[in-house]
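> One file is attached below, structure_30.cif, containing mmCIF, C-alpha atoms.
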data_structure
#
loop_
_atom_site.label_atom_id
_atom_site.label_comp_id
_atom_site.auth_asym_id
_atom_site.auth_seq_id
_atom_site.Cartn_x
_atom_site.Cartn_y
_atom_site.Cartn_z
CA MET L 61 50.88 -29.86 -84.26
CA THR L 62 50.02 -30.21 -87.95
CA GLU L 63 53.64 -29.71 -89.00
CA GLY L 64 55.17 -32.16 -86.52
CA GLN L 65 57.38 -29.45 -85.04
CA PRO L 66 58.46 -29.24 -81.38
CA PRO L 67 55.80 -27.48 -79.28
CA GLY L 68 55.98 -23.70 -79.49
CA HIS L 69 57.25 -23.51 -83.09
CA CYS L 70 54.88 -20.73 -84.14
CA ILE L 71 55.44 -18.81 -80.90
CA ARG L 72 59.20 -18.95 -81.38
CA SER L 73 58.84 -18.02 -85.05
CA ALA L 74 56.74 -15.02 -84.03
CA PHE L 75 59.40 -13.96 -81.54
CA ILE L 76 62.14 -14.21 -84.19
CA GLY L 77 60.05 -12.58 -86.91
CA THR L 78 58.85 -9.61 -84.88
CA ARG L 79 62.46 -8.93 -83.85
CA ILE L 80 63.40 -8.85 -87.53
CA GLY L 81 60.42 -6.62 -88.29
CA ALA L 82 61.39 -4.16 -85.56
CA ALA L 83 64.98 -4.17 -86.80
CA VAL L 84 63.88 -3.06 -90.29
CA GLY L 85 61.72 -0.28 -88.87
CA LEU L 86 58.16 -1.63 -88.80
CA GLY L 87 55.78 0.34 -86.61
CA GLU L 88 53.50 -1.09 -83.93
CA ALA L 89 50.49 -1.61 -86.23
CA ALA L 90 52.59 -3.52 -88.76
CA LEU L 91 54.28 -5.55 -86.01
CA HIS L 92 50.84 -6.46 -84.68
CA ASP L 93 49.82 -7.92 -88.06
CA LEU L 94 53.22 -9.51 -88.57
CA ARG L 95 52.90 -11.32 -85.25
CA TYR L 96 49.56 -12.81 -86.28
CA THR L 97 50.94 -13.79 -89.68
CA LEU L 98 53.65 -15.77 -87.88
CA LEU L 99 51.31 -17.31 -85.33
CA LEU L 100 48.80 -18.33 -88.02
CA LYS L 101 51.20 -19.14 -90.86
CA ASP L 102 50.32 -22.85 -90.76
CA LEU L 103 46.52 -22.44 -90.77
CA GLY L 104 46.18 -24.40 -94.00
CA CYS L 105 48.60 -27.20 -93.20
CA SER L 106 45.95 -29.75 -92.24
CA SER L 107 44.39 -29.56 -95.71
CA ASN L 108 47.25 -31.33 -97.51
CA ALA L 109 48.04 -33.96 -94.86
CA ALA L 110 45.94 -36.77 -96.33
CA ARG L 111 47.21 -36.12 -99.86
CA LEU L 112 50.80 -36.09 -98.64
CA CYS L 113 50.36 -39.47 -96.95
CA GLN L 114 48.79 -40.86 -100.12
CA LEU L 115 51.60 -39.64 -102.37
CA TYR L 116 54.60 -40.41 -100.17
CA LEU L 117 53.21 -43.48 -98.34
CA THR L 118 54.41 -42.04 -95.06
CA ASP L 119 53.49 -40.35 -91.81
CA ASP L 120 52.57 -36.73 -92.58
CA LEU L 121 53.80 -35.33 -89.24
CA GLY L 122 57.26 -36.88 -89.43
CA PHE L 123 57.57 -36.08 -93.14
CA LYS L 124 56.65 -32.42 -92.64
CA GLN L 125 58.98 -32.04 -89.68
CA ALA L 126 61.92 -33.39 -91.67
CA PHE L 127 61.07 -31.60 -94.92
CA LYS L 128 61.20 -28.19 -93.28
CA ARG L 129 64.92 -28.75 -92.64
CA ILE L 130 66.02 -29.28 -96.26
CA ASP L 131 67.01 -26.80 -98.95
CA ASP L 132 65.56 -26.99 -102.47
CA GLY L 133 68.69 -28.20 -104.26
CA LEU L 134 67.90 -31.16 -106.52
CA PRO L 135 70.38 -33.66 -104.97
CA GLU L 136 69.14 -32.87 -101.46
CA VAL L 137 65.49 -33.16 -102.48
CA LEU L 138 66.09 -36.47 -104.24
CA ARG L 139 67.89 -37.89 -101.21
CA PHE L 140 65.01 -36.77 -99.04
CA VAL L 141 62.36 -38.33 -101.29
CA ILE L 142 64.20 -41.65 -101.50
CA GLY L 143 64.89 -41.64 -97.77
CA HIS L 144 61.33 -40.82 -96.67
CA THR L 145 58.96 -42.39 -99.19
CA GLY L 146 57.16 -45.65 -98.44
CA LEU L 147 59.60 -46.96 -95.83
CA LYS L 148 56.94 -49.28 -94.42
CA SER L 149 55.53 -50.29 -97.80
CA GLY L 150 56.42 -53.15 -100.08
CA LEU L 151 59.40 -52.67 -102.40
CA ALA L 152 57.32 -52.53 -105.58
CA GLU L 153 54.83 -50.07 -104.09
CA ARG L 154 57.64 -47.90 -102.76
CA LEU L 155 59.46 -47.90 -106.09
CA ARG L 156 56.30 -46.88 -107.97
CA ALA L 157 55.73 -44.02 -105.54
CA ILE L 158 59.31 -42.75 -105.85
CA VAL L 159 59.23 -42.88 -109.64
CA HIS L 160 55.91 -41.01 -109.68
CA ILE L 161 57.27 -38.31 -107.36
CA VAL L 162 60.50 -37.89 -109.33
CA ARG L 163 58.59 -37.61 -112.61
CA ASN L 164 55.92 -35.26 -111.29
CA GLY L 165 57.65 -33.57 -108.39
CA GLY L 166 57.02 -30.01 -109.56
CA GLU L 167 53.29 -30.56 -110.07
CA ILE L 168 52.97 -32.40 -106.76
CA ALA L 169 54.71 -29.63 -104.81
CA GLN L 170 52.58 -27.02 -106.56
CA GLU L 171 49.39 -28.88 -105.66
CA LEU L 172 50.33 -29.36 -102.01
CA ILE L 173 51.45 -25.76 -101.48
CA GLU L 174 48.52 -24.24 -103.36
CA THR L 175 46.15 -26.23 -101.17
CA ARG L 176 47.94 -25.28 -97.97
CA CYS L 177 48.45 -21.59 -98.74
CA GLY L 178 45.06 -20.98 -100.31
CA ARG L 179 43.18 -22.64 -97.47
CA GLY L 180 45.28 -20.86 -94.85
CA ALA L 181 44.64 -17.43 -96.35
CA ALA L 182 40.90 -18.14 -96.63
CA ILE L 183 40.71 -19.12 -92.96
CA ALA L 184 42.70 -16.03 -91.91
CA ARG L 185 40.09 -13.90 -93.69
CA LYS L 186 37.27 -15.84 -92.03
CA LEU L 187 38.93 -15.11 -88.70
CA ARG L 188 38.70 -11.40 -89.64
CA PHE L 189 42.42 -10.73 -89.77
CA SER L 190 43.67 -8.03 -92.12
CA GLU L 191 44.35 -8.65 -95.78
CA ALA L 192 48.05 -8.16 -95.02
CA VAL L 193 47.90 -11.17 -92.68
CA ALA L 194 45.99 -13.27 -95.24
CA GLU L 195 48.48 -12.38 -98.00
CA GLY L 196 51.37 -13.14 -95.66
CA VAL L 197 50.00 -16.64 -95.11
CA ALA L 198 49.21 -17.13 -98.82
CA SER L 199 52.78 -16.38 -99.93
CA LEU L 200 54.70 -18.09 -97.14
CA ASP L 201 56.46 -20.49 -99.53
CA GLU L 202 57.59 -17.93 -102.11
CA HIS L 203 61.38 -17.50 -102.43
CA TRP L 204 63.38 -14.32 -103.04
CA ASP L 205 64.84 -15.68 -106.31
CA GLY L 206 61.43 -16.63 -107.73
CA GLY L 207 61.93 -20.35 -107.22
CA GLY L 208 59.19 -20.76 -104.61
CA LYS L 209 55.48 -21.51 -104.84
CA PRO L 210 52.61 -21.20 -105.52
CA ALA L 211 52.88 -18.05 -107.69
CA LYS L 212 56.67 -17.93 -108.24
CA LEU L 213 56.82 -14.38 -106.94
CA ALA L 214 60.29 -12.86 -106.66
CA GLY L 215 62.00 -10.10 -104.71
CA GLU L 216 59.83 -7.36 -103.31
CA ALA L 217 56.79 -8.71 -105.15
CA ILE L 218 56.60 -11.17 -102.25
CA PRO L 219 54.67 -9.62 -99.33
CA LEU L 220 57.04 -8.44 -96.62
CA PHE L 221 55.30 -10.48 -93.93
CA SER L 222 55.79 -13.65 -96.01
CA ARG L 223 59.49 -12.91 -96.47
CA ILE L 224 59.95 -12.42 -92.73
CA ALA L 225 57.86 -15.48 -91.84
CA LEU L 226 59.83 -17.80 -94.14
CA LEU L 227 63.14 -16.68 -92.65
CA ALA L 228 61.85 -16.88 -89.08
CA GLN L 229 60.42 -20.38 -89.43
CA VAL L 230 63.59 -21.78 -91.02
CA VAL L 231 65.71 -20.23 -88.28
CA ASP L 232 63.53 -21.85 -85.62
CA VAL L 233 63.44 -25.27 -87.26
CA VAL L 234 67.19 -25.40 -87.81
CA HIS L 235 67.95 -23.94 -84.39
CA GLN L 236 65.77 -26.57 -82.73
CA GLY L 237 67.57 -29.33 -84.58
CA GLY L 238 71.13 -28.03 -84.69
CA GLY L 239 71.64 -25.03 -82.41
CA ARG L 240 72.64 -21.41 -82.91
CA GLY L 241 75.53 -21.97 -85.28
CA ALA L 242 73.48 -24.16 -87.59
CA ALA L 243 70.67 -21.60 -87.71
CA LEU L 244 73.08 -18.79 -88.60
CA ALA L 245 74.80 -20.89 -91.25
CA GLU L 246 71.52 -21.94 -92.86
CA ALA L 247 70.21 -18.37 -92.96
CA ALA L 248 73.44 -17.25 -94.66
CA LYS L 249 73.36 -20.18 -97.09
CA ARG L 250 69.86 -19.40 -98.33
CA THR L 251 70.27 -15.59 -98.46
CA GLY L 252 69.64 -14.30 -101.97
CA ARG L 253 67.83 -17.51 -102.95
CA TRP L 254 65.14 -18.07 -100.32
CA PHE L 255 65.67 -15.00 -98.17
CA ASP L 256 65.59 -11.26 -98.72
CA PRO L 257 69.23 -10.10 -98.17
CA VAL L 258 68.09 -7.04 -96.20
CA LEU L 259 66.09 -9.20 -93.80
CA ALA L 260 68.88 -11.75 -93.51
CA LEU L 261 71.30 -8.96 -92.59
CA ALA L 262 68.85 -7.69 -89.98
CA PHE L 263 68.63 -11.20 -88.51
CA ALA L 264 72.42 -11.45 -88.40
CA ARG L 265 72.57 -8.23 -86.38
CA ILE L 266 69.94 -9.50 -83.96
CA ALA L 267 71.64 -12.88 -83.63
CA ALA L 268 74.92 -11.23 -82.64
CA ASP L 269 73.36 -10.42 -79.26
CA PRO L 270 73.56 -13.42 -76.88
CA ALA L 271 70.46 -12.10 -75.09
CA PHE L 272 68.38 -12.87 -78.19
CA TRP L 273 69.31 -16.55 -78.05
CA GLU L 274 68.97 -16.76 -74.29
CA ARG L 275 65.42 -15.49 -74.48
CA LEU L 276 64.55 -17.70 -77.45
CA GLU L 277 65.87 -20.75 -75.61
CA GLY L 278 64.20 -19.81 -72.33
CA PRO L 279 60.61 -20.30 -71.10
CA GLN L 280 57.92 -19.71 -73.72
CA ASP L 281 55.69 -17.86 -71.28
CA GLY L 282 56.12 -14.19 -72.00
CA LEU L 283 58.16 -14.82 -75.15
CA LEU L 284 55.78 -12.59 -77.09
CA GLU L 285 55.25 -9.02 -76.03
CA ARG L 286 51.58 -8.11 -75.75
CA PHE L 287 49.96 -5.45 -77.87
CA ASP L 288 47.09 -3.28 -76.69
CA GLU L 289 44.03 -5.06 -78.05
CA SER L 290 41.46 -3.67 -75.64
CA ASP L 291 39.38 -2.48 -78.61
CA ALA L 292 39.31 -5.93 -80.18
CA ARG L 293 37.31 -7.96 -77.67
CA PRO L 294 35.45 -10.71 -79.55
CA ASP L 295 31.66 -10.56 -79.58
CA GLU L 296 29.47 -13.67 -79.67
CA ASP L 297 29.27 -13.72 -83.47
CA TYR L 298 33.05 -13.56 -83.72
CA LEU L 299 33.44 -16.46 -81.29
CA ASP L 300 31.08 -18.46 -83.53
CA ASP L 301 33.23 -17.58 -86.55
CA ILE L 302 36.40 -18.64 -84.73
CA ALA L 303 34.87 -21.97 -83.73
CA GLU L 304 33.66 -22.61 -87.28
CA ALA L 305 37.04 -21.67 -88.77
CA PHE L 306 38.95 -24.09 -86.54
CA ALA L 307 36.34 -26.79 -87.15
CA GLU L 308 37.12 -26.34 -90.83
CA ILE L 309 40.83 -26.77 -90.12
CA VAL L 310 40.14 -30.00 -88.21
CA ASP L 311 37.72 -31.35 -90.82
CA SER L 312 40.27 -30.67 -93.57
CA LYS L 313 42.73 -33.12 -92.00
CA SER L 314 41.13 -36.25 -93.47
CA PRO L 315 38.67 -36.93 -96.30
CA TYR L 316 36.93 -39.37 -93.97
CA THR L 317 36.23 -36.71 -91.37
CA SER L 318 35.41 -33.95 -93.85
CA GLY L 319 32.47 -32.05 -92.39
CA HIS L 320 32.49 -34.13 -89.18
CA CYS L 321 32.71 -31.23 -86.72
CA GLN L 322 30.05 -29.27 -88.60
CA ARG L 323 27.73 -32.28 -88.60
CA VAL L 324 28.33 -33.00 -84.91
CA ALA L 325 27.48 -29.36 -84.20
CA ALA L 326 24.26 -29.64 -86.23
CA VAL L 327 23.19 -32.85 -84.48
CA THR L 328 24.17 -31.39 -81.09
CA ASP L 329 21.90 -28.45 -81.81
CA LEU L 330 19.05 -30.77 -82.80
CA ILE L 331 19.45 -32.62 -79.49
CA GLY L 332 19.65 -29.34 -77.59
CA GLU L 333 16.45 -28.10 -79.18
CA SER L 334 14.70 -31.39 -78.39
CA LEU L 335 15.81 -31.07 -74.76
CA GLY L 336 14.46 -27.52 -74.55
CA LEU L 337 17.81 -25.82 -73.97
CA ASP L 338 17.67 -22.04 -74.32
CA ALA L 339 19.30 -20.20 -77.23
CA ALA L 340 22.40 -19.15 -75.28
CA LYS L 341 23.06 -22.69 -74.08
CA ARG L 342 22.58 -24.14 -77.57
CA ARG L 343 25.01 -21.59 -78.97
CA TRP L 344 27.59 -22.63 -76.35
CA MET L 345 26.96 -26.29 -77.12
CA LYS L 346 27.47 -25.77 -80.85
CA ARG L 347 30.87 -24.18 -80.20
CA ALA L 348 31.82 -27.11 -77.99
CA ALA L 349 30.82 -29.53 -80.75
CA LEU L 350 32.68 -27.58 -83.44
CA LEU L 351 35.88 -27.65 -81.39
CA HIS L 352 35.65 -31.05 -79.70
CA ASP L 353 38.13 -32.72 -82.08
CA VAL L 354 40.73 -29.94 -82.41
CA GLY L 355 43.29 -32.31 -80.87
CA LYS L 356 43.12 -34.53 -83.96
CA LEU L 357 45.42 -32.04 -85.67
CA GLY L 358 48.21 -33.78 -83.76
CA VAL L 359 47.34 -37.27 -85.05
CA SER L 360 49.03 -38.60 -88.18
CA ASN L 361 46.85 -39.31 -91.21
CA THR L 362 48.43 -42.76 -91.41
CA ILE L 363 46.32 -43.42 -88.31
CA LEU L 364 43.25 -41.31 -89.11
CA ASP L 365 42.90 -42.80 -92.62
CA LYS L 366 44.03 -46.35 -91.91
CA PRO L 367 41.64 -48.80 -93.63
CA GLY L 368 42.18 -51.55 -91.06
CA LYS L 369 42.28 -52.03 -87.31
CA LEU L 370 44.70 -49.83 -85.37
CA ASP L 371 47.52 -51.55 -83.53
CA GLU L 372 48.16 -50.79 -79.86
CA ALA L 373 50.64 -47.96 -80.51
CA GLU L 374 48.35 -46.36 -83.08
CA TRP L 375 45.37 -46.66 -80.77
CA MET L 376 47.31 -44.98 -77.96
CA GLU L 377 48.18 -42.12 -80.32
CA MET L 378 44.57 -41.77 -81.44
CA ARG L 379 43.35 -41.66 -77.83
CA ARG L 380 45.63 -38.70 -77.10
CA HIS L 381 43.55 -36.41 -79.32
CA ALA L 382 41.00 -35.88 -76.56
CA SER L 383 43.69 -34.73 -74.12
CA HIS L 384 45.14 -32.47 -76.82
CA SER L 385 41.70 -30.92 -77.35
CA ARG L 386 41.33 -30.20 -73.66
CA THR L 387 44.82 -28.69 -73.38
CA ILE L 388 44.34 -26.41 -76.39
CA LEU L 389 40.89 -25.16 -75.43
CA ALA L 390 41.85 -24.61 -71.78
CA ARG L 391 44.50 -22.08 -72.86
CA ILE L 392 41.92 -19.83 -74.55
CA PRO L 393 39.83 -17.86 -72.02
CA ALA L 394 36.80 -17.61 -74.32
CA PHE L 395 36.74 -21.39 -74.79
CA ALA L 396 38.10 -22.57 -71.44
CA GLU L 397 34.69 -23.76 -70.21
CA ILE L 398 34.25 -26.07 -73.19
CA ALA L 399 37.67 -27.66 -72.68
CA ALA L 400 36.05 -30.34 -70.53
CA VAL L 401 33.78 -31.33 -73.43
CA GLY L 402 36.72 -31.61 -75.80
CA GLY L 403 38.63 -33.69 -73.28
CA ALA L 404 35.80 -36.02 -72.26
CA HIS L 405 33.71 -36.68 -75.38
CA HIS L 406 35.09 -40.25 -75.54
CA GLU L 407 34.41 -41.03 -71.89
CA ARG L 408 31.74 -43.65 -71.06
CA LEU L 409 29.20 -43.77 -68.25
CA ASP L 410 30.62 -47.14 -67.14
CA GLY L 411 34.14 -45.71 -66.79
CA ARG L 412 35.63 -47.60 -69.74
CA GLY L 413 36.20 -44.54 -71.91
CA TYR L 414 39.26 -42.34 -72.40
CA PRO L 415 41.43 -40.45 -71.66
CA ASP L 416 40.67 -40.38 -67.92
CA GLY L 417 38.21 -43.22 -67.38
CA LEU L 418 35.56 -40.85 -65.98
CA LYS L 419 32.38 -42.50 -64.77
CA GLY L 420 28.73 -41.55 -64.30
CA GLU L 421 28.15 -38.10 -62.86
CA ALA L 422 31.79 -37.14 -63.39
CA ILE L 423 30.84 -36.71 -67.07
CA SER L 424 28.91 -33.47 -67.57
CA PHE L 425 25.51 -33.47 -69.24
CA GLU L 426 26.86 -31.15 -71.95
CA THR L 427 29.60 -33.66 -72.73
CA ARG L 428 27.04 -36.47 -72.91
CA ILE L 429 25.10 -34.54 -75.56
CA VAL L 430 28.19 -34.06 -77.74
CA THR L 431 29.15 -37.72 -77.22
CA VAL L 432 25.80 -38.88 -78.59
CA ALA L 433 26.09 -36.55 -81.58
CA ASP L 434 29.70 -37.64 -82.18
CA ILE L 435 28.86 -41.36 -82.11
CA PHE L 436 25.84 -40.84 -84.35
CA ASP L 437 27.91 -39.05 -86.99
CA ALA L 438 30.76 -41.57 -86.74
CA LEU L 439 28.32 -44.40 -87.49
CA THR L 440 26.40 -42.65 -90.27
CA ALA L 441 29.44 -41.31 -92.17
CA ASP L 442 31.94 -43.14 -94.35
CA ARG L 443 35.08 -44.34 -92.62
CA PRO L 444 38.25 -45.81 -94.18
CA TYR L 445 37.34 -49.26 -92.83
CA ARG L 446 33.57 -49.27 -93.67
CA ALA L 447 30.76 -47.48 -95.48
CA ALA L 448 28.22 -45.23 -93.77
CA MET L 449 25.47 -47.06 -91.87
CA PRO L 450 21.73 -46.50 -92.36
CA VAL L 451 20.17 -44.45 -89.58
CA SER L 452 18.12 -47.39 -88.28
CA GLN L 453 21.24 -49.54 -87.90
CA ALA L 454 23.18 -46.74 -86.22
CA LEU L 455 20.38 -46.11 -83.74
CA ALA L 456 20.09 -49.82 -82.99
CA ILE L 457 23.82 -50.01 -82.22
CA MET L 458 23.64 -46.91 -80.04
CA GLU L 459 20.59 -48.19 -78.18
CA ARG L 460 22.57 -51.24 -77.03
CA ASP L 461 25.05 -48.87 -75.37
CA VAL L 462 22.47 -46.75 -73.54
CA GLY L 463 23.33 -46.68 -69.85
CA THR L 464 26.88 -47.95 -70.33
CA ALA L 465 28.40 -45.60 -72.89
CA ILE L 466 25.48 -43.36 -73.86
CA ASP L 467 23.16 -41.23 -71.75
CA ALA L 468 19.52 -42.36 -72.04
CA THR L 469 18.04 -38.85 -71.97
CA CYS L 470 20.38 -37.58 -74.69
CA PHE L 471 19.75 -40.62 -76.87
CA ALA L 472 15.98 -40.24 -76.51
CA ALA L 473 16.35 -36.58 -77.51
CA LEU L 474 18.30 -37.61 -80.62
CA ARG L 475 15.60 -40.09 -81.68
CA ARG L 476 12.92 -37.49 -81.04
CA ALA L 477 14.81 -34.81 -83.00
CA LEU L 478 15.39 -37.10 -85.98
CA GLY L 479 11.75 -38.14 -85.99
CA GLU L 480 10.58 -34.53 -85.96
CA LEU L 481 13.03 -33.52 -88.68
CA ALA L 482 12.06 -36.38 -91.03
CA PRO L 483 9.27 -38.56 -89.61
CA ASP L 484 10.01 -41.47 -91.92
CA LEU L 485 13.73 -41.44 -91.22
CA VAL L 486 13.93 -43.24 -87.87
CA PRO L 487 11.81 -46.35 -88.52
CA VAL L 488 13.04 -46.80 -92.08
CA ALA L 489 16.54 -47.87 -93.17
CA ALA L 490 17.27 -44.57 -94.87
CA THR L 491 20.73 -43.11 -94.67
CA VAL L 492 21.66 -39.93 -92.85
CA ALA L 493 23.37 -38.52 -95.93
CA PRO L 494 20.54 -36.05 -96.72
CA ILE L 495 20.76 -34.62 -93.21
CA VAL L 496 24.52 -34.29 -93.06
CA ARG L 497 24.66 -32.66 -96.48
CA LEU L 498 22.15 -30.11 -95.22
CA ALA L 499 23.98 -29.56 -91.92
CA PRO L 500 25.54 -26.19 -92.89
CA HIS L 501 22.08 -24.97 -93.92
CA ILE L 502 20.16 -26.53 -91.03
CA THR L 503 22.37 -25.06 -88.32
CA PRO L 504 21.70 -21.34 -89.01
CA VAL L 505 17.95 -22.00 -89.18
CA LEU L 506 17.93 -23.76 -85.81
CA ALA L 507 20.03 -21.02 -84.26
#
Kindly present the structure from the file in structure tokens form.


Amino acid sequence: MTEGQPPGHCIRSAFIGTRIGAAVGLGEAALHDLRYTLLLKDLGCSSNAARLCQLYLTDDLGFKQAFKRIDDGLPEVLRFVIGHTGLKSGLAERLRAIVHIVRNGGEIAQELIETRCGRGAAIARKLRFSEAVAEGVASLDEHWDGGGKPAKLAGEAIPLFSRIALLAQVVDVVHQGGGRGAALAEAAKRTGRWFDPVLALAFARIAADPAFWERLEGPQDGLLERFDESDARPDEDYLDDIAEAFAEIVDSKSPYTSGHCQRVAAVTDLIGESLGLDAAKRRWMKRAALLHDVGKLGVSNTILDKPGKLDEAEWMEMRRHASHSRTILARIPAFAEIAAVGGAHHERLDGRGYPDGLKGEAISFETRIVTVADIFDALTADRPYRAAMPVSQALAIMERDVGTAIDATCFAALRRALGELAPDLVPVAATVAPIVRLAPHITPVLA
């Protein structure tokens, strides 16, 4: 979603890459880690989306999708920059952006890739994957001839998983856009520059079998062979870590939503405590809050960071994030029960919400709690179109929506929780900034 690729890109890349790994003799343990490197290779991609939009004056999803198809030859890169920068901007603004990129292209690319790769590797470690997986993610954009980034590694100094992942993802992207012949031609063209010749030869052998392509082009279900992971069942602490890691990925998408999921989780927990929910239920609610906006990874930053009112098409795209959240969470057994919260946190009691227009009792009480926390943080945090509101103003606005958009019991619990946390905060026009800055520290204490 963050790279603008056709659905299933990482799954197909993992299929291609593990076939290459098996062809060069990797054992089951290594193939296990290689598969996760390929599935998680884009963990850090959300972290450079806003910066990319700012630099290129363009839609990050479309830009990333197209950029993955080009080689690194100077003429091709220049054509791409000129053809994709500031197409909806004024001529003067577009020209300034192009000149800046041409003058500082190396530094810009270094910055974007360092951000992406460093963040991705850090999240892989937080998710408790092996160091081999983290290093594979960190070096994804290194090239065999030393011309890649961020560390300009060359040859076998590049981790093997990174070398396989780069080849696999290019094969998938080109195959999706141009078919089998184009994928084979591109792999051959970049061999010795981007790709390890041994791995490219292994891919060529695999690609000679029509069954490989037939399976790659067939249904995605069952595309990846399962490994025995019966000894790796996640405990409750690990599920918390996973939720926090993906909240970090979501919050990295935009500077205006930085920390949003963490703050919503903290406020959700405050409401849960005020309502007398038990520890297990509050833990579940915090995960739901951390993951409620995961679907925003599929929304362009030109929409998320727009300083003005969204037009109808943009608003329709923004509204889809709730459905995306529900779809993603429903596919993960450990989080399937919270999928309804992710899908319905923008529904209203009066039926005028989205995406399904649910009304009244059709909206679960758990969802209503997260909705109150989400609205509270949206009002008391900076947005591209306005500054953060004082708590008193935010509560006054929310109070007007009690019974139509907001549940009365949940809102009363929020007021009560804020008053107990800082007695002077609710009646006085103080901002929520002190609370939200403390959110990462408050949450463990309340847990």

> Within 7 Å of Val197 in chain L, counting all atoms listed in the file, which residues qualify if same-chain residues fewer than 3 places away don't, as JSON, numbers by chain?

{"L": [97, 101, 177, 180, 181, 193, 194, 200, 222]}

> Output as CSV one row per residue of range 332-366 of chain L within 10 Å of range 394-416 of chain L: the closest atom pair and its distance in Å to one decimal place, counting only C-alpha atoms, sorted by chain and residue number ascending.


residue,atom,partner,partner_atom,distance
L:Trp344,CA,L:Ile398,CA,8.1
L:Met345,CA,L:Ile398,CA,8.3
L:Arg347,CA,L:Ile398,CA,8.0
L:Ala348,CA,L:Ile398,CA,5.5
L:Ala349,CA,L:Gly402,CA,8.0
L:Leu350,CA,L:Gly402,CA,9.5
L:Leu351,CA,L:Gly402,CA,6.9
L:His352,CA,L:Gly402,CA,4.1
L:Asp353,CA,L:Gly402,CA,6.5
L:Val354,CA,L:Gly402,CA,7.9
L:Gly355,CA,L:Gly402,CA,8.3

> Which residue is closest to Thr62 in chain L? Choose from L:Ala382, L:Ala447, L:Val359, L:Ala169 and count all atoms listed in the file.

L:Val359

> Could you list the residues chosen by the PyMOL selection byres ((chain L and resi 246-250) around 8) in this structure as a PDB file with C-alpha atoms, in the frame of the given file?


ATOM      1  CA  ASP L 131      67.010 -26.800 -98.950  1.00  0.00           C
ATOM      2  CA  LEU L 227      63.140 -16.680 -92.650  1.00  0.00           C
ATOM      3  CA  VAL L 230      63.590 -21.780 -91.020  1.00  0.00           C
ATOM      4  CA  VAL L 231      65.710 -20.230 -88.280  1.00  0.00           C
ATOM      5  CA  VAL L 234      67.190 -25.400 -87.810  1.00  0.00           C
ATOM      6  CA  ALA L 242      73.480 -24.160 -87.590  1.00  0.00           C
ATOM      7  CA  ALA L 243      70.670 -21.600 -87.710  1.00  0.00           C
ATOM      8  CA  LEU L 244      73.080 -18.790 -88.600  1.00  0.00           C
ATOM      9  CA  ALA L 245      74.800 -20.890 -91.250  1.00  0.00           C
ATOM     10  CA  THR L 251      70.270 -15.590 -98.460  1.00  0.00           C
ATOM     11  CA  GLY L 252      69.640 -14.300-101.970  1.00  0.00           C
ATOM     12  CA  ARG L 253      67.830 -17.510-102.950  1.00  0.00           C
ATOM     13  CA  TRP L 254      65.140 -18.070-100.320  1.00  0.00           C
ATOM     14  CA  PHE L 255      65.670 -15.000 -98.170  1.00  0.00           C
ATOM     15  CA  ALA L 260      68.880 -11.750 -93.510  1.00  0.00           C
TER      16      ALA L 260
END

> What separation in Å, quoted to one decimal, exists between CA of Ala264 in chain L and CA of Leu276 in chain L?

14.9 Å

> Rank L:His92, L:Ile161, L:Ala198, L:Ser190 by their smallest atom-to-atom distance to Gly178 in chain L, using all atoms listed in the file, and report the top residue only.

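Closest to Gly178 in chain L of all the choices is L:Ala198.
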
> For a quick check of understanding, using all atoms listed in the file, which of L:Gly319, L:Gly239, L:Pro66, L:Gly206 has the smallest distance to Asp434 in chain L?

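Going through L:Gly319, L:Gly239, L:Pro66, L:Gly206 one by one, the smallest distance to Asp434 in chain L is for L:Gly319.
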
> Name the residues in contact with Trp375 in chain L at a cut-off of 12 Å, using all atoms listed in the file, excluding same-chain residues fewer than 6 positions from it; report them as a tab-separated table (two decimals) with C-alpha atoms, in the coordinates of the input.


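So the final result, stored in around-v3.tsv, reads:
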chain	number	residue	atom	x	y	z
L	359	VAL	CA	47.34	-37.27	-85.05
L	360	SER	CA	49.03	-38.60	-88.18
L	362	THR	CA	48.43	-42.76	-91.41
L	363	ILE	CA	46.32	-43.42	-88.31
L	364	LEU	CA	43.25	-41.31	-89.11
L	366	LYS	CA	44.03	-46.35	-91.91
L	368	GLY	CA	42.18	-51.55	-91.06
L	369	LYS	CA	42.28	-52.03	-87.31
L	381	HIS	CA	43.55	-36.41	-79.32
L	414	TYR	CA	39.26	-42.34	-72.40
L	415	PRO	CA	41.43	-40.45	-71.66

> Given the point (37.5, -50.2, -92.2) in the file's coordinates, find the residues that have an atom at most 7 Å from it, counting all atoms listed in the file, and give them as a list of chain:residue names.

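Taken together, the residues in range are L:Pro367, L:Gly368, L:Arg443, L:Pro444, L:Tyr445, L:Arg446.
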
> Could you check how far CA of Gly208 in chain L sits from CA of Pro67 in chain L, in Å to one decimal?

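Atom-to-atom, CA of Gly208 in chain L and CA of Pro67 in chain L are spaced 26.4 Å apart.
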
> Could you jot down the CA of Lys209 in chain L to CA of Glu174 in chain L separation for me, Å, one decimal place?

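It comes out at 7.6 Å.
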
> Care to translate the PyMOL selection byres ((chain L and resi 79) around 12) into actual residues of this file, as a VMD selection string?

chain L and resid 72 to 78 80 to 88 91 to 92 94 to 95 98 224 to 225 227 to 228 259 to 260 262 to 267 269 272 to 273 275 to 276 283 to 285

> Please determine, counting only C-alpha atoms, which residue among L:Lys186, L:Thr317, L:Ala89, L:Val258 has the shortest atom-to-atom distance to Asp442 in chain L.

L:Thr317

> If you take every atom of range 335-349 of chain L that the file lists and fit an axis-aligned box around them with 3 Å extra on each side, what centre and edge lengths come out in Å to one decimal, as JSON?


{"center_x": 23.1, "center_y": -25.1, "center_z": -77.4, "size_x": 23.4, "size_y": 17.9, "size_z": 12.9}
